[in-house]
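**Q** Please find target33.cif (mmCIF, C-alpha atoms) on the next line:
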```cif
data_coords
#
loop_
_atom_site.label_atom_id
_atom_site.label_comp_id
_atom_site.auth_asym_id
_atom_site.auth_seq_id
_atom_site.Cartn_x
_atom_site.Cartn_y
_atom_site.Cartn_z
CA MET A 1 -80.42 9.78 -26.44
CA ARG A 2 -82.82 11.56 -24.11
CA PRO A 3 -81.46 14.84 -22.67
CA ASP A 4 -82.15 13.52 -19.15
CA ALA A 5 -80.63 10.05 -19.69
CA PRO A 6 -78.02 8.92 -17.13
CA PRO A 7 -74.44 9.97 -17.92
CA THR A 8 -72.49 7.85 -20.37
CA PRO A 9 -68.99 6.57 -19.52
CA GLU A 10 -67.59 9.23 -21.86
CA GLU A 11 -69.50 11.99 -20.06
CA ILE A 12 -68.34 10.71 -16.69
CA SER A 13 -64.71 10.81 -17.88
CA ARG A 14 -65.22 14.29 -19.28
CA ALA A 15 -66.79 15.53 -16.04
CA ILE A 16 -63.86 14.16 -14.03
CA ALA A 17 -61.46 15.92 -16.42
CA PHE A 18 -63.37 19.20 -15.94
CA GLN A 19 -63.19 18.75 -12.17
CA GLU A 20 -59.46 18.04 -12.19
CA ASP A 21 -58.75 20.97 -14.55
CA HIS A 22 -60.65 23.28 -12.21
CA ILE A 23 -58.56 22.16 -9.25
CA LYS A 24 -55.35 22.72 -11.23
CA SER A 25 -56.45 26.18 -12.38
CA SER A 26 -57.37 27.31 -8.86
CA PRO A 27 -54.57 29.43 -7.31
CA GLY A 28 -52.64 27.32 -4.83
CA ASP A 29 -50.40 29.99 -3.32
CA LEU A 30 -50.10 33.77 -2.86
CA ALA A 31 -48.15 34.27 -6.08
CA ALA A 32 -50.88 32.63 -8.14
CA GLY A 33 -53.51 34.59 -6.20
CA ASN A 34 -51.71 37.88 -6.97
CA GLU A 35 -51.53 37.00 -10.67
CA LEU A 36 -55.26 36.32 -10.92
CA ALA A 37 -56.16 39.39 -8.85
CA THR A 38 -54.06 41.51 -11.24
CA ARG A 39 -55.89 40.10 -14.25
CA PHE A 40 -59.22 40.80 -12.56
CA TYR A 41 -58.16 44.41 -11.85
CA ARG A 42 -57.05 44.98 -15.45
CA ASP A 43 -60.30 43.57 -16.83
CA CYS A 44 -62.13 45.96 -14.53
CA GLN A 45 -60.06 48.89 -15.86
CA SER A 46 -60.87 47.90 -19.45
CA ALA A 47 -64.59 47.75 -18.65
CA GLN A 48 -64.49 51.18 -16.92
CA PRO A 49 -62.14 53.29 -19.07
CA GLY A 50 -63.43 56.58 -17.68
CA ASN A 51 -62.78 55.71 -14.03
CA ARG A 52 -59.47 56.75 -12.46
CA GLN A 53 -60.19 54.34 -9.63
CA PRO A 54 -61.94 51.23 -11.01
CA ASP A 55 -64.95 50.05 -9.03
CA LEU A 56 -64.07 46.39 -8.48
CA LEU A 57 -67.26 45.49 -6.69
CA GLY A 58 -69.29 47.34 -9.30
CA PHE A 59 -67.50 45.35 -11.99
CA ILE A 60 -68.60 42.08 -10.34
CA THR A 61 -72.19 43.34 -10.20
CA SER A 62 -72.09 44.36 -13.86
CA LEU A 63 -71.10 40.81 -14.86
CA SER A 64 -74.43 39.56 -13.47
CA GLN A 65 -76.15 41.52 -16.27
CA GLU A 66 -74.20 39.91 -19.12
CA SER A 67 -75.66 37.24 -21.43
CA VAL A 68 -76.86 34.02 -19.80
CA THR A 69 -77.31 32.19 -23.11
CA ASN A 70 -74.68 30.31 -25.10
CA GLU A 71 -75.57 30.97 -28.73
CA ASP A 72 -73.90 27.70 -29.80
CA ARG A 73 -76.28 25.56 -27.71
CA GLY A 74 -79.96 24.61 -27.95
CA PRO A 75 -82.93 25.73 -25.82
CA ASP A 76 -82.76 22.98 -23.16
CA ARG A 77 -80.86 23.94 -20.01
CA THR A 78 -79.08 22.14 -17.19
CA PHE A 79 -79.42 23.05 -13.52
CA TRP A 80 -77.35 21.44 -10.80
CA SER A 81 -76.69 21.21 -7.08
CA TYR A 82 -74.07 19.39 -4.99
CA GLU A 83 -72.65 16.05 -6.15
CA SER A 84 -73.20 12.32 -6.58
CA GLN A 85 -71.31 9.23 -7.68
CA PRO A 86 -72.92 8.02 -10.92
CA GLU A 87 -72.93 4.34 -11.75
CA GLY A 88 -69.59 3.55 -13.38
CA ALA A 89 -67.74 6.45 -11.72
CA ASP A 90 -64.85 5.68 -9.35
CA ARG A 91 -65.40 8.84 -7.27
CA PRO A 92 -68.05 11.45 -6.45
CA ILE A 93 -68.41 14.15 -9.11
CA LEU A 94 -69.56 17.69 -8.46
CA HIS A 95 -72.72 18.18 -10.49
CA ARG A 96 -71.45 21.49 -11.86
CA PHE A 97 -68.87 19.52 -13.86
CA LEU A 98 -71.31 16.77 -14.83
CA ALA A 99 -73.58 19.55 -16.13
CA ARG A 100 -70.73 20.87 -18.28
CA ALA A 101 -70.15 17.38 -19.71
CA TYR A 102 -73.88 17.11 -20.50
CA GLY A 103 -73.85 20.53 -22.11
CA GLU A 104 -70.89 19.69 -24.28
CA SER A 105 -72.16 16.33 -25.54
CA ARG A 106 -75.92 17.00 -25.62
CA GLY A 107 -75.97 20.64 -26.73
CA LEU A 108 -77.50 21.90 -23.47
CA GLN A 109 -77.15 25.35 -21.95
CA VAL A 110 -74.96 25.47 -18.82
CA LEU A 111 -74.71 28.65 -16.75
CA GLU A 112 -70.93 28.33 -16.32
CA ASP A 113 -70.54 28.08 -20.11
CA THR A 114 -72.54 31.24 -20.89
CA PRO A 115 -70.62 34.52 -21.48
CA ALA A 116 -71.50 35.89 -18.03
CA GLY A 117 -71.03 32.65 -16.10
CA ASN A 118 -67.76 31.77 -17.80
CA GLN A 119 -66.16 35.15 -17.10
CA LEU A 120 -67.26 35.39 -13.47
CA ASN A 121 -66.22 31.79 -12.87
CA SER A 122 -62.74 32.38 -14.32
CA TYR A 123 -61.71 34.84 -11.58
CA HIS A 124 -61.98 32.29 -8.73
CA LEU A 125 -63.21 35.04 -6.41
CA GLY A 126 -63.97 32.52 -3.68
CA ASN A 127 -60.33 31.34 -3.58
CA LYS A 128 -58.54 32.35 -0.38
CA TYR A 129 -55.37 33.45 -2.18
CA VAL A 130 -57.26 35.63 -4.66
CA LYS A 131 -59.23 37.18 -1.80
CA ALA A 132 -56.02 37.84 0.14
CA ALA A 133 -54.44 39.57 -2.89
CA LEU A 134 -57.50 41.72 -3.55
CA ALA A 135 -57.59 42.77 0.11
CA LYS A 136 -53.85 43.52 0.26
CA HIS A 137 -53.36 45.34 -3.05
CA TYR A 138 -56.79 46.78 -3.85
CA GLY A 139 -58.47 47.22 -0.48
CA VAL A 140 -61.37 44.84 -1.11
CA LYS A 141 -62.52 43.38 2.20
CA GLY A 142 -63.12 39.65 2.20
CA ASP A 143 -66.65 39.70 3.65
CA THR A 144 -67.73 42.47 1.26
CA LEU A 145 -66.28 40.53 -1.66
CA ASP A 146 -68.12 37.37 -0.59
CA THR A 147 -71.43 39.22 -0.37
CA THR A 148 -71.06 40.91 -3.76
CA HIS A 149 -69.81 37.74 -5.41
CA GLY A 150 -72.70 35.69 -4.00
CA GLU A 151 -75.29 38.27 -5.04
CA ALA A 152 -73.86 38.28 -8.58
CA TRP A 153 -74.26 34.50 -8.88
CA ASP A 154 -77.76 34.69 -7.41
CA LYS A 155 -78.73 37.28 -10.01
CA LEU A 156 -77.17 35.25 -12.82
CA SER A 157 -79.01 32.13 -11.65
CA GLU A 158 -82.31 34.01 -11.52
CA ARG A 159 -81.86 35.42 -15.02
CA TYR A 160 -80.69 32.04 -16.33
CA ALA A 161 -83.89 30.39 -15.03
CA GLU A 162 -86.08 33.19 -16.40
CA ALA A 163 -84.46 32.79 -19.85
CA THR A 164 -85.29 29.06 -20.00
CA GLU A 165 -87.64 28.08 -22.84
CA GLY A 166 -87.03 24.34 -23.30
CA LEU A 167 -86.58 21.33 -21.07
CA VAL A 168 -84.87 21.60 -17.70
CA ILE A 169 -82.34 18.82 -17.05
CA THR A 170 -81.70 18.74 -13.30
CA LEU A 171 -78.56 17.19 -11.84
CA ALA A 172 -79.35 16.89 -8.14
CA ALA A 173 -80.11 13.96 -5.87
CA ASP A 174 -82.20 16.08 -3.49
CA ILE A 175 -83.10 19.76 -3.67
CA THR A 176 -81.93 21.52 -0.53
CA ALA A 177 -84.11 24.44 0.53
CA ASP A 178 -81.23 26.89 1.07
CA SER A 179 -79.30 26.00 -2.09
CA VAL A 180 -79.36 28.24 -5.17
CA LEU A 181 -81.33 25.53 -6.96
CA GLY A 182 -83.92 25.27 -4.18
CA GLU A 183 -84.15 28.91 -3.17
CA THR A 184 -83.74 30.75 -6.48
CA GLU A 185 -83.75 28.65 -9.63
CA MET A 186 -86.53 26.08 -9.11
CA PRO A 187 -89.12 28.64 -7.93
CA LYS A 188 -88.34 30.77 -11.01
CA LEU A 189 -88.65 27.73 -13.29
CA LEU A 190 -92.02 26.79 -11.81
CA GLU A 191 -93.23 30.38 -12.31
CA ASN A 192 -91.90 30.46 -15.87
CA SER A 193 -94.87 30.04 -18.23
CA LYS A 194 -92.60 28.39 -20.83
CA VAL A 195 -91.38 25.77 -18.36
CA GLY A 196 -93.45 24.82 -15.32
CA LYS A 197 -93.39 21.43 -13.61
CA GLU A 198 -94.16 19.57 -16.87
CA ALA A 199 -90.81 20.51 -18.49
CA ILE A 200 -88.55 19.63 -15.56
CA ARG A 201 -86.57 16.37 -15.70
CA PHE A 202 -84.13 14.76 -13.27
CA ALA A 203 -81.05 12.92 -14.53
CA VAL A 204 -80.09 11.68 -11.04
CA ALA A 205 -82.26 9.13 -9.19
CA LEU A 206 -83.97 10.16 -5.97
CA PRO A 207 -82.12 8.47 -3.07
CA GLU A 208 -83.98 5.67 -1.31
CA ARG A 209 -85.64 6.39 2.03
CA GLU A 210 -85.75 3.46 4.45
CA HIS A 211 -88.79 4.89 6.24
CA ILE A 212 -90.80 5.56 3.07
CA PRO A 213 -92.83 2.73 1.44
CA ALA A 214 -92.00 1.91 -2.16
CA ASP A 215 -95.21 3.31 -3.62
CA ILE A 216 -94.80 6.67 -1.86
CA HIS A 217 -91.14 6.81 -2.97
CA ALA A 218 -92.25 6.15 -6.55
CA PHE A 219 -94.74 9.01 -6.27
CA MET A 220 -92.03 11.32 -4.90
CA SER A 221 -89.76 10.30 -7.80
CA ASN A 222 -92.20 11.64 -10.38
CA ASP A 223 -90.34 14.61 -11.91
CA ALA A 224 -93.30 17.00 -11.68
CA VAL A 225 -93.73 16.11 -7.99
CA ARG A 226 -90.05 15.92 -7.10
CA CYS A 227 -89.28 19.44 -8.32
CA GLN A 228 -91.68 20.81 -5.70
CA LEU A 229 -90.24 18.87 -2.75
CA ARG A 230 -87.24 19.76 -0.62
CA LYS A 231 -84.78 17.62 1.29
CA GLY A 232 -86.13 17.08 4.79
CA ASP A 233 -89.81 17.34 3.89
CA ASP A 234 -90.06 13.64 4.79
CA ASP A 235 -87.76 13.87 7.81
CA PRO A 236 -88.18 10.57 9.73
CA GLN A 237 -87.71 12.45 13.00
CA LYS A 238 -90.93 14.36 12.33
CA SER A 239 -94.47 13.04 12.08
CA PRO A 240 -95.88 11.70 8.80
CA GLU A 241 -98.66 14.26 9.22
CA GLU A 242 -96.14 17.08 8.70
CA PHE A 243 -95.03 15.49 5.44
CA ALA A 244 -98.67 15.08 4.46
CA LYS A 245 -99.19 18.84 4.82
CA LYS A 246 -96.17 19.49 2.54
CA LEU A 247 -97.52 17.08 -0.08
CA ALA A 248 -101.05 18.45 0.15
CA ALA A 249 -99.77 21.92 -0.77
CA ILE A 250 -98.11 20.95 -4.07
CA ASP A 251 -99.65 20.95 -7.54
CA VAL A 252 -99.49 17.48 -9.10
CA PRO A 253 -100.16 16.35 -12.70
CA GLU A 254 -103.66 15.09 -13.53
CA ASP A 255 -102.52 11.45 -13.75
CA GLN A 256 -101.06 11.65 -10.22
CA LYS A 257 -104.03 13.25 -8.46
CA GLU A 258 -105.64 10.01 -7.28
CA ALA A 259 -102.33 8.68 -5.91
CA HIS A 260 -101.72 12.09 -4.36
CA ARG A 261 -105.01 12.05 -2.43
CA GLY A 262 -104.47 8.50 -1.21
CA ILE A 263 -100.90 9.12 -0.04
CA VAL A 264 -101.82 12.35 1.76
CA ALA A 265 -104.63 10.48 3.54
CA ARG A 266 -102.33 7.61 4.59
CA LEU A 267 -99.65 9.96 5.90
CA SER A 268 -102.21 12.07 7.76
CA ALA A 269 -103.61 9.02 9.54
CA ALA A 270 -100.22 7.57 10.56
CA GLN A 271 -98.80 8.32 13.99
CA ASP A 272 -95.35 7.13 12.98
CA TYR A 273 -93.59 6.06 9.78
CA GLN A 274 -93.61 2.51 11.15
CA ASP A 275 -97.39 2.57 10.73
CA LEU A 276 -96.91 2.85 6.96
CA LYS A 277 -95.09 -0.46 6.67
CA PRO A 278 -97.21 -3.34 5.35
CA PRO A 279 -98.41 -5.79 8.03
CA PRO A 280 -96.55 -9.10 8.23
CA GLU A 281 -98.06 -11.89 6.17
CA PRO A 282 -100.24 -14.18 8.31
CA LYS A 283 -98.91 -17.66 9.03
CA GLN A 284 -100.49 -20.41 7.02
CA GLN A 285 -102.00 -22.95 9.39
CA GLY A 286 -102.64 -26.55 8.53
CA PRO A 287 -106.13 -28.10 8.70
CA SER A 288 -107.62 -28.58 12.19
CA LYS A 289 -107.82 -31.98 13.86
CA ARG A 290 -111.54 -32.02 13.27
CA ALA A 291 -110.97 -31.40 9.57
CA LYS A 292 -108.31 -34.11 9.45
CA ALA A 293 -110.83 -36.62 10.75
CA PHE A 294 -112.82 -36.23 7.55
CA MET A 295 -109.82 -36.33 5.23
CA PRO A 296 -109.27 -39.66 3.43
CA GLY A 297 -106.36 -41.65 4.73
CA VAL A 298 -105.89 -39.49 7.86
CA SER A 299 -106.54 -40.93 11.30
CA MET A 300 -107.39 -38.70 14.24
CA ASP A 301 -105.39 -39.21 17.43
CA ASN A 302 -107.14 -39.83 20.73
CA GLY A 303 -106.17 -36.43 22.19
CA ILE A 304 -104.30 -38.01 25.13
CA PRO A 305 -100.85 -36.38 25.58
CA PRO A 306 -97.85 -38.68 25.87
CA ALA A 307 -96.41 -39.33 29.30
CA ALA A 308 -93.80 -36.88 30.50
CA PRO A 309 -90.23 -38.13 30.41
CA SER A 310 -89.08 -39.80 33.60
CA ARG A 311 -86.62 -38.27 36.01
CA GLY A 312 -83.02 -38.71 35.22
CA PRO A 313 -80.54 -40.20 37.61
CA THR A 314 -79.37 -36.81 38.91
CA GLY A 315 -82.68 -35.96 40.65
CA HIS A 316 -82.66 -32.30 39.37
CA GLY A 317 -86.35 -32.28 38.44
CA VAL A 318 -88.33 -33.10 35.33
CA LEU A 319 -87.50 -31.86 31.83
CA ASN A 320 -90.02 -29.10 31.01
CA PRO A 321 -91.36 -29.00 27.44
CA VAL A 322 -90.81 -25.68 25.60
CA ALA A 323 -93.91 -23.49 25.73
CA ALA A 324 -95.39 -22.79 22.31
CA GLY A 325 -95.13 -19.04 22.79
CA LEU A 326 -91.41 -19.25 23.58
CA ALA A 327 -90.38 -21.41 20.66
CA PRO A 328 -88.18 -19.61 18.12
CA LYS A 329 -90.11 -18.29 15.10
CA PRO A 330 -88.85 -18.06 11.54
CA ALA A 331 -87.61 -14.60 10.62
CA GLY A 332 -90.15 -12.41 8.83
CA ILE A 333 -89.56 -10.11 5.81
CA GLU A 334 -88.59 -6.53 6.57
CA HIS A 335 -89.60 -3.75 4.22
#
```
Show the structure stored in the file as structure tokens.
**A**
Amino acid sequence: MRPDAPPTPEEISRAIAFQEDHIKSSPGDLAAGNELATRFYRDCQSAQPGNRQPDLLGFITSLSQESVTNEDRGPDRTFWSYESQPEGADRPILHRFLARAYGESRGLQVLEDTPAGNQLNSYHLGNKYVKAALAKHYGVKGDTLDTTHGEAWDKLSERYAEATEGLVITLAADITADSVLGETEMPKLLENSKVGKEAIRFAVALPEREHIPADIHAFMSNDAVRCQLRKGDDDPQKSPEEFAKKLAAIDVPEDQKEAHRGIVARLSAAQDYQDLKPPPEPKQQGPSKRAKAFMPGVSMDNGIPPAAPSRGPTGHGVLNPVAAGLAPKPAGIEH
């Protein structure tokens, strides 16, 4: 099975189990929050035996320097963002849990399963009850905790991307510019000489765009192209020319260069996305009267129109024939 193949039914079930277990393990009240905050404090004491007053925020920062490689897994790594509902799933699944299912069954690296990611993830530092306990008992302000916690994950994500040496299996429908994947990980992967655009794969299909023609959507779906695009680059509320400028700036594989030039040119010339839709197929007209006159077995009429119908008994005027331009037309085919 390819590392980037769609999830199997077993992987979907496993991902849902991971998601449900995470919800159950998250503190749901103050007592559970106090218990987890106490464990966090004790782990900090153990890591800083010489400190009379453990530096809790410093402990979080130190975790961002721990190992970002699971020695029991191979070189290929998963990266994820947001969620989707895979075919066969009865609910949306957060991609972080689908990534863990992939990692488990396909031997892929997953940040949350590395020593650093697993430990930092286990403290649930974004949980409101844990934050309340840390503020009440250990004087850690919520906004300061959020900043330090976020910076630690950013650093871990950066180091995780820099450590990548194999394929990149991406679980994301679109890459959002301000997400960790879009802002931190993907730029690092593209800069990584052992990865680059050629080693990036997507395991989730690119969502359809009603305003984008099929051939341009197919071009955008190319993995090496897609990893350089961001959600909103093709915003239908903006001009196609703006999207053309985004596309013109990316580096495409050799076999996509001709399509790239053509698509950029088409987008640049369009005033609106409607201009990119194929023109309606012309109506097929039958042979002219003059042509019919020379066709075997066809007689040409004398060109004299039939008499108009007579007035009816009510005296409300003649019955007007329907004008050709007003007659209903058969529905065309929309793109």
**Q** May I have a table of the residues of stretch 127-166 of chain A lying at most 12 Å from stretch 197-214 of chain A, giving each one's closest pair of atoms and their distance in Å to one decimal, counting all atoms listed in the file, ordered by chain and ascending residue number, as a Markdown table?
**A**
```
| residue | atom | partner | partner_atom | distance |
| --- | --- | --- | --- | --- |
| A:Ala161 | CA | A:Ile200 | CA | 11.7 |
| A:Thr164 | CA | A:Ala199 | CA | 10.3 |
| A:Glu165 | CA | A:Ala199 | CA | 9.3 |
| A:Gly166 | CA | A:Ala199 | CA | 7.2 |
```
**Q** Which one is closest to A:Glu258: A:Asp55, A:Ala135, A:Phe219, A:Gln274? Count all atoms listed in the file.
**A**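 Among the listed residues, A:Phe219 lies closest to A:Glu258.
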**Q** At a cut-off of 8 Å around the point (-72.8, 38.6, -12.6) (file coordinates), what residues fall inside when counting all atoms listed in the file? I'd like the answer as a list in words.
**A** Ile60, Thr61, Ser62, Leu63, Ser64, Gln65, Glu66, Ala116, Gly117, Leu120, His149, Glu151, Ala152, Trp153, Lys155 and Leu156 of chain A
**Q** For A:Asn222, which of A:Thr147, A:Gln256, A:Gln237, A:Ser157 is the closest residue, counting all atoms listed in the file?
**A**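 Among the listed residues, the smallest separation from A:Asn222 belongs to A:Gln256.
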**Q** May I ask which of the residues A:Tyr41, A:Tyr102, A:Trp80, A:Phe97 is the closest one to A:Pro7, counting all atoms listed in the file?
**A**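 Ranking A:Tyr41, A:Tyr102, A:Trp80, A:Phe97 by distance to A:Pro7, first place goes to A:Tyr102.
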